[in-house]
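Okay, protein20.pdb now, which holds PDB, C-alpha atoms:
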```
ATOM      1  CA  MET A   1     -19.848  38.357  14.797  1.00  0.00           C
ATOM      2  CA  ARG A   2     -21.699  40.868  16.915  1.00  0.00           C
ATOM      3  CA  GLU A   3     -20.160  44.192  17.767  1.00  0.00           C
ATOM      4  CA  ASP A   4     -20.119  43.474  21.510  1.00  0.00           C
ATOM      5  CA  ASP A   5     -18.282  40.162  20.879  1.00  0.00           C
ATOM      6  CA  TYR A   6     -15.236  41.972  19.534  1.00  0.00           C
ATOM      7  CA  ARG A   7     -12.097  41.720  21.641  1.00  0.00           C
ATOM      8  CA  PRO A   8      -8.876  43.305  20.369  1.00  0.00           C
ATOM      9  CA  GLU A   9      -5.910  40.996  20.065  1.00  0.00           C
ATOM     10  CA  GLN A  10      -3.591  41.252  23.026  1.00  0.00           C
ATOM     11  CA  GLN A  11       0.157  41.341  22.651  1.00  0.00           C
ATOM     12  CA  SER A  12       2.891  40.259  25.023  1.00  0.00           C
ATOM     13  CA  ALA A  13       5.674  42.554  26.193  1.00  0.00           C
ATOM     14  CA  SER A  14       7.824  41.305  23.294  1.00  0.00           C
ATOM     15  CA  GLY A  15       5.118  42.174  20.759  1.00  0.00           C
ATOM     16  CA  GLN A  16       4.015  38.589  20.044  1.00  0.00           C
ATOM     17  CA  PRO A  17       0.261  38.070  19.653  1.00  0.00           C
ATOM     18  CA  MET A  18      -1.346  36.293  22.591  1.00  0.00           C
ATOM     19  CA  VAL A  19      -4.131  33.889  21.687  1.00  0.00           C
ATOM     20  CA  PRO A  20      -6.332  31.745  23.901  1.00  0.00           C
ATOM     21  CA  SER A  21      -4.852  28.367  23.033  1.00  0.00           C
ATOM     22  CA  THR A  22      -2.993  25.614  24.769  1.00  0.00           C
ATOM     23  CA  PRO A  23       0.364  24.268  23.636  1.00  0.00           C
ATOM     24  CA  ARG A  24      -1.302  20.877  23.150  1.00  0.00           C
ATOM     25  CA  ASP A  25      -3.750  22.315  20.611  1.00  0.00           C
ATOM     26  CA  VAL A  26      -0.967  24.085  18.749  1.00  0.00           C
ATOM     27  CA  VAL A  27       1.075  20.875  18.589  1.00  0.00           C
ATOM     28  CA  HIS A  28      -1.916  18.907  17.301  1.00  0.00           C
ATOM     29  CA  ILE A  29      -2.496  21.450  14.540  1.00  0.00           C
ATOM     30  CA  ARG A  30       1.140  21.851  13.463  1.00  0.00           C
ATOM     31  CA  ILE A  31       2.221  18.218  13.587  1.00  0.00           C
ATOM     32  CA  GLY A  32      -1.117  17.160  12.132  1.00  0.00           C
ATOM     33  CA  SER A  33      -0.543  19.372   9.100  1.00  0.00           C
ATOM     34  CA  PHE A  34       2.878  17.828   8.478  1.00  0.00           C
ATOM     35  CA  ILE A  35       1.432  14.322   8.834  1.00  0.00           C
ATOM     36  CA  LEU A  36      -1.371  15.248   6.444  1.00  0.00           C
ATOM     37  CA  VAL A  37       1.088  16.381   3.750  1.00  0.00           C
ATOM     38  CA  PHE A  38       3.056  13.135   4.186  1.00  0.00           C
ATOM     39  CA  LEU A  39      -0.108  11.009   3.938  1.00  0.00           C
ATOM     40  CA  VAL A  40      -1.273  12.774   0.793  1.00  0.00           C
ATOM     41  CA  ALA A  41       2.118  12.118  -0.805  1.00  0.00           C
ATOM     42  CA  VAL A  42       2.082   8.454   0.250  1.00  0.00           C
ATOM     43  CA  GLY A  43      -1.459   8.085  -1.053  1.00  0.00           C
ATOM     44  CA  ALA A  44      -0.614   9.650  -4.404  1.00  0.00           C
ATOM     45  CA  ILE A  45       2.503   7.531  -4.855  1.00  0.00           C
ATOM     46  CA  SER A  46       0.642   4.360  -3.878  1.00  0.00           C
ATOM     47  CA  VAL A  47      -2.100   5.104  -6.431  1.00  0.00           C
ATOM     48  CA  ILE A  48       0.512   5.666  -9.141  1.00  0.00           C
ATOM     49  CA  ALA A  49       2.339   2.468  -8.145  1.00  0.00           C
ATOM     50  CA  GLY A  50      -0.911   0.493  -8.062  1.00  0.00           C
ATOM     51  CA  ILE A  51      -0.775  -0.406  -4.362  1.00  0.00           C
ATOM     52  CA  GLY A  52      -4.438   0.029  -3.519  1.00  0.00           C
ATOM     53  CA  TRP A  53      -4.332  -1.149   0.076  1.00  0.00           C
ATOM     54  CA  LEU A  54      -1.667   1.414   0.950  1.00  0.00           C
ATOM     55  CA  ALA A  55      -3.768   4.178  -0.616  1.00  0.00           C
ATOM     56  CA  VAL A  56      -6.740   3.109   1.516  1.00  0.00           C
ATOM     57  CA  VAL A  57      -4.620   3.057   4.687  1.00  0.00           C
ATOM     58  CA  ALA A  58      -3.217   6.508   3.877  1.00  0.00           C
ATOM     59  CA  GLY A  59      -6.745   7.796   3.209  1.00  0.00           C
ATOM     60  CA  VAL A  60      -8.100   6.497   6.509  1.00  0.00           C
ATOM     61  CA  ALA A  61      -5.109   7.941   8.385  1.00  0.00           C
ATOM     62  CA  ALA A  62      -5.588  11.279   6.582  1.00  0.00           C
ATOM     63  CA  VAL A  63      -9.247  11.422   7.615  1.00  0.00           C
ATOM     64  CA  ALA A  64      -8.281  10.654  11.233  1.00  0.00           C
ATOM     65  CA  THR A  65      -5.657  13.419  11.102  1.00  0.00           C
ATOM     66  CA  ILE A  66      -8.172  15.912   9.702  1.00  0.00           C
ATOM     67  CA  VAL A  67     -10.622  15.048  12.495  1.00  0.00           C
ATOM     68  CA  ASP A  68      -7.870  15.585  15.085  1.00  0.00           C
ATOM     69  CA  ILE A  69      -6.976  18.990  13.604  1.00  0.00           C
ATOM     70  CA  VAL A  70     -10.633  20.058  13.502  1.00  0.00           C
ATOM     71  CA  LEU A  71     -11.120  19.045  17.140  1.00  0.00           C
ATOM     72  CA  ALA A  72      -8.000  20.984  18.173  1.00  0.00           C
ATOM     73  CA  VAL A  73      -9.236  24.100  16.356  1.00  0.00           C
ATOM     74  CA  ARG A  74     -12.653  23.762  18.005  1.00  0.00           C
ATOM     75  CA  ARG A  75     -11.036  23.456  21.432  1.00  0.00           C
ATOM     76  CA  GLN A  76      -9.145  26.678  20.744  1.00  0.00           C
ATOM     77  CA  LYS A  77     -12.271  28.541  19.704  1.00  0.00           C
ATOM     78  CA  GLU A  78     -14.275  27.288  22.700  1.00  0.00           C
ATOM     79  CA  ARG A  79     -11.764  28.743  25.133  1.00  0.00           C
ATOM     80  CA  GLY A  80     -12.844  32.255  24.165  1.00  0.00           C
ATOM     81  CA  SER A  81     -10.764  34.056  26.744  1.00  0.00           C
ATOM     82  CA  GLY A  82      -8.178  33.417  29.362  1.00  0.00           C
ATOM     83  CA  GLU A  83      -4.491  32.983  29.702  1.00  0.00           C
ATOM     84  CA  ALA A  84      -2.506  32.680  26.483  1.00  0.00           C
ATOM     85  CA  GLY A  85      -0.930  29.316  25.838  1.00  0.00           C
TER      86      GLY A  85
END
```
Just give me the structure of the file as structure tokens.
Amino acid sequence: MREDDYRPEQQSASGQPMVPSTPRDVVHIRIGSFILVFLVAVGAISVIAGIGWLAVVAGVAAVATIVDIVLAVRRQKERGSGEAG
């Protein structure tokens, strides 16, 4: 990060940090992380139980969830500046 790219974090009147994100991105990241934990647990249990097809389905769904989270994080970073979400 270059020195001229630095922008101090802004805070609202209540002292909460203001970040350039949209509520949609935040929801994708938070709910996606809960779904990811659930899918990892389902995948592990299905491997232990010997249900291979369920492990594959959980793996594919986990990859799709990871892609969604990565895209939401990239959208946040691309905003750069503007109104806080």
Any idea what's packed within 12 Å of Val37 (chain A), counting all atoms listed in the file, ignoring anything in its chain fewer than 6 positions away? Could you give it as a ChimeraX atom specification?
/A:30-31,43-44,58-59,61-62,65-66
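Rounded to one decimal, CA of Leu71 (chain A) and CA of Phe34 (chain A) lie 16.5 Å from each other.
Put simply, CA of Thr22 (chain A) is 9.5 Å away from CA of Ala72 (chain A).
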With only C-alpha atoms as the atoms that count, which of A:Val60, A:Ile48, A:Ala13, A:Asp68 lies nearest to Gly32 (chain A)?
A:Asp68
Could you state the separation of CA of Val26 (chain A) and CA of Ile45 (chain A) in Å, given to one decimal place?
29.0 Å
